[in-house]
Amino acid sequence: MEMESVTRQYLQAVPMRCFNWDQLLEQMPGRSMMGQLSPSIQEAIMQASVHHPRAIQYPPPAAYKLQFLKYVVSQIVNQKPSAGQQEDHECIDTLLEEYMASMSARNSSSSSTETCYRSYLISNDNSSCAQDTSSAQHNYITLEEQPQTISQGTTGLRTWPAALTLLTHLKTVPSEICGKRVLELGCGVGLVGISCALFGAAHVTLTDTAPSVLEAAERNCRTNGIHMLSNGLSLSTAPKPIANVVALDWETIANKELSDLVESVQADVIVASDVAYDPIIVPPLVRMLTAFVTRSVEPGIQTVEALIATTRRSETTWQLFLSELQKSRLVYEFVDIVPDVNGCYYLDEGGRIDVMRVRAASNHKSIKAE
């Protein structure tokens with residue numbers, strides 16, 4: 001029985017209210033789970049989720065595991081016998097054992113100290129220059145994340161839907177970053193930056209502010225086989241995929257320091273997701289974009305571009321962002337996103353998500369440090 005979609009959603013910890021069981025239902029009479037969860041189907045569900053090798057090595061949040069098991073158990077306990085069936089199906093032993101263990105663990109552990117993971121399917125058959133994403137190691141990106149929206153005083157320790165939308169575009173059009181030097185603003189736990197490295201970027205620099213976020217991003221790079229420059233490697237000697245993680249505070253960095261960073265990174269593409277969420281940080285964000293996309297380049301070399309995925313939570317903040325781009329003589333266009341039905345599941349619960357291509361206007365002069 002095909003359970004690929006169950007695996008993808010479970011590893012990503014898709015909320016049960018949004019969980020899509022269509023692939024399973026299509027294999028059942030009447031497209032109903034009620035009365036259909038035989039012992040063999042229960043075992044298949046367990047193997048595709050809780051007992052999947054990646055889920056064992058990199059477990060999703062414990063609370064999510066419990067919610068998943070509770071849902072499956074409820075479908076069995078509440079089901080009625082289907083036509084011709086002599087008696088109700090019962091929960092198999094392994095399902096009940098996992099469910100009871102999860103119930104017990106809920107009362108004995110602290111979610112604030114829990115180390116948990118989400119894994120995102122990124123296999124990219126369309127890319128001609130990607131790294132080896134056909135291997136088991138790179139079918140998924142696995143990230144250490146916090147289950148809470150705000151943890152350790154920051155929202156950067158979890159992946160947000162805009163990052164998944166940008167990942168969808170990069171999977172569809174890997175030529176955006178293949179062979180290029182990429183810089184990510186506000187990397188969080190690193191989904192987009194790590195994806196760029198695995199999709200064939202020459203080098204990726206992931207930046208953020210909070211030490212806990214930077215540490216998580218570096219751990220996640222290592223988990224996913226990214227070679228780090230902090231290990232003493234250089235761009236000329238390090239094997240690919242390669243990246244480094246750098247602290248960058250948009251609000252406090254001086255012009256000279258920013259100019260030095262721009263020249264040292266030499267980014268061809270800037271990526272960012274869910275970074276224009278607060279009006280206070282919009283002007284500093286646009287300052288960063290301006291500095292990097294107006295970098296002096298040699299004649300004939302393509303203009304530096306930024307790909308920004310933004311969730312429109314507040315129309316006021318959104319309009320401020322567009323206004324600041326225009327004041328800084330940055331031009332933008334919206335990118336059409338082709339849905340990735342075989343990849344990540346993402347939820348547009350926070351508002352509409354747009355991906356923009358941002359570049360300097362043709363008459364824009366490079367900004368020099370003061």
# chains A, B, ... in the order shown; residues from 1 in each chain; ligands from 1
>>> select_by_dssp(residues="stretch 124-274 of chain A", states="strand (DSSP E)", output="number ranges by chain")
A: 140-145, 181-185, 203-208, 227-228, 242-247, 269-273
>>> write_last_selection(atoms="C-alpha atoms", output="CSV table (one decimal), in the first residue's frame")
chain,number,residue,atom,x,y,z
A,140,TYR,CA,15.1,15.3,2.8
A,141,ILE,CA,16.4,18.3,4.7
A,142,THR,CA,16.2,17.6,8.4
A,143,LEU,CA,16.1,20.5,10.7
A,144,GLU,CA,16.3,20.8,14.5
A,145,GLU,CA,13.4,23.1,15.3
A,181,ARG,CA,27.2,32.6,-4.5
A,182,VAL,CA,24.1,32.9,-2.3
A,183,LEU,CA,23.5,35.0,0.8
A,184,GLU,CA,20.5,34.4,3.0
A,185,LEU,CA,19.1,37.2,5.2
A,203,HIS,CA,28.7,28.8,-1.8
A,204,VAL,CA,26.0,29.9,0.7
A,205,THR,CA,26.3,32.4,3.5
A,206,LEU,CA,23.5,32.1,6.1
A,207,THR,CA,23.0,35.2,8.3
A,208,ASP,CA,20.9,36.0,11.3
A,227,HIS,CA,30.8,21.5,4.7
A,228,MET,CA,31.4,24.5,6.9
A,242,ILE,CA,29.7,24.4,1.3
A,243,ALA,CA,28.4,27.2,3.5
A,244,ASN,CA,29.1,29.4,6.5
A,245,VAL,CA,27.0,31.0,9.1
A,246,VAL,CA,27.6,34.7,10.0
A,247,ALA,CA,26.0,37.0,12.5
A,269,VAL,CA,21.8,36.1,-5.3
A,270,ILE,CA,20.2,37.2,-2.1
A,271,VAL,CA,17.4,35.0,-0.6
A,272,ALA,CA,15.1,35.8,2.3
A,273,SER,CA,11.8,34.6,3.6
>>> residues_around(residues="stretch 324-326 of chain A", least_positions_apart="4", cutoff="9 Å", atoms="only C-alpha atoms", output="PDB file with C-alpha atoms, in the first residue's frame")
ATOM      1  CA  VAL A 282      11.520  47.147   7.231  1.00  0.00           C
ATOM      2  CA  PRO A 283      13.915  50.132   6.745  1.00  0.00           C
ATOM      3  CA  VAL A 286      15.774  47.456   2.708  1.00  0.00           C
ATOM      4  CA  LEU A 289      18.978  44.620   0.247  1.00  0.00           C
ATOM      5  CA  THR A 290      20.238  47.881  -1.224  1.00  0.00           C
ATOM      6  CA  GLN A 319       2.820  48.771   1.749  1.00  0.00           C
ATOM      7  CA  LEU A 320       5.667  50.169   3.852  1.00  0.00           C
ATOM      8  CA  LEU A 330      15.011  49.097  -6.062  1.00  0.00           C
ATOM      9  CA  VAL A 331      12.668  47.593  -8.638  1.00  0.00           C
ATOM     10  CA  TYR A 332      10.687  44.433  -8.111  1.00  0.00           C
ATOM     11  CA  VAL A 358      14.286  42.567  -6.434  1.00  0.00           C
TER      12      VAL A 358
END
>>> closest_residue(among="A:Asp336, A:Tyr345, A:Cys18, A:Thr303", to="A:Leu170", atoms="only C-alpha atoms")
A:Asp336
>>> closest_residue(among="A:Glu43, A:Val335, A:Tyr64, A:Ile76", to="A:Tyr10", atoms="only C-alpha atoms")
A:Tyr64
>>> select_by_dssp(residues="stretch 84-295 of chain A", states="alpha helix (DSSP H)", output="PyMOL selection string")
chain A and resi 93-108+136-139+161-172+191-198+211-223+255-265+282-293
>>> closest_residue(among="A:Glu251, A:Glu218, A:Glu26, A:Glu4", to="A:Leu191", atoms="only C-alpha atoms")
A:Glu218
>>> closest_residue(among="A:Ile226, A:Thr165, A:Ala360, A:Leu322", to="A:Gly200", atoms="only C-alpha atoms")
A:Ile226
>>> closest_residue(among="A:Thr252, A:Ser212, A:Asn78, A:Thr310", to="A:Ala162", atoms="only C-alpha atoms")
A:Thr310
>>> closest_residue(among="A:Ala276, A:Asp249, A:Arg359, A:Arg158", to="A:Val293", atoms="only C-alpha atoms")
A:Arg359
>>> atom_distance(atom1="atom CA of A:Pro39", atom2="atom CA of A:Glu97")
14.4 Å
